[in-house]
Amino acid sequence: MRVDTMTGEGMTSVSVSYEIRRQLNTLRTTGNHKSVNDLLGEMIRTHKMLKMKSEIDLLRERMKIAVDVDVEHLAERLNLAPFQV
């Protein structure tokens, strides 16, 4: 697959094989999309949402760990710090 930048800002032209075009059109028709661009746009949005969901899950996990920190122990450790707290 080759991507060429066109003159319009943010526009690209993608050169793909006949087989890839056939597969994209099959996906487009089975998903009831008006165009391949709509199909690709939805796929990109779905990918971004899944990636964001996994990042949110990771943040939630880290927040749970932070909430479980013993404040007294943390204060004691900060008192041992070589700098003014």
# chains A, B, ... in the order shown; residues from 1 in each chain; ligands from 1

call {"tool": "select_by_dssp", "arguments": {"residues": "chain A", "states": "strand (DSSP E or B)", "output": "mmCIF file with C-alpha atoms, in the first residue's frame"}}
result
data_model
loop_
_atom_site.group_PDB
_atom_site.id
_atom_site.type_symbol
_atom_site.label_atom_id
_atom_site.label_comp_id
_atom_site.auth_asym_id
_atom_site.auth_seq_id
_atom_site.Cartn_x
_atom_site.Cartn_y
_atom_site.Cartn_z
ATOM 1 C CA ARG A 2 1.323 3.457 -0.871
ATOM 2 C CA VAL A 3 0.138 6.798 0.523
ATOM 3 C CA ASP A 4 0.665 9.972 -1.504
ATOM 4 C CA THR A 5 -0.047 13.447 -0.150
ATOM 5 C CA THR A 12 -4.206 11.831 1.031
ATOM 6 C CA SER A 13 -4.474 9.435 -1.845
ATOM 7 C CA VAL A 14 -3.943 5.749 -1.120
ATOM 8 C CA SER A 15 -2.835 3.360 -3.840
#

call {"tool": "closest_residue", "arguments": {"among": "A:Ala75, A:Arg21, A:Ser54, A:Phe83", "to": "Asn37 in chain A", "atoms": "only C-alpha atoms"}}
result
A:Arg21

call {"tool": "residues_around", "arguments": {"residues": "Val36 in chain A", "least_positions_apart": "6", "cutoff": "7 Å", "atoms": "only C-alpha atoms", "output": "list in words"}}
result
Leu24, Asn25 and Arg28 of chain A

call {"tool": "write_last_selection", "arguments": {"atoms": "N, CA and C atoms", "output": "compact mmCIF listing (two decimals), in the first residue's frame"}}
result
# COMPACT_ATOMS: atom_id res chain seq x y z
N LEU A 24 -12.25 -4.00 0.65
CA LEU A 24 -12.82 -2.78 1.23
C LEU A 24 -14.26 -2.56 0.76
N ASN A 25 -14.51 -2.81 -0.52
CA ASN A 25 -15.87 -2.65 -1.04
C ASN A 25 -16.81 -3.69 -0.45
N ARG A 28 -17.58 -2.47 2.94
CA ARG A 28 -18.45 -1.30 2.83
C ARG A 28 -19.90 -1.71 2.63

call {"tool": "atom_distance", "arguments": {"atom1": "CA of Asp68 in chain A", "atom2": "CA of Met49 in chain A"}}
result
28.7 Å
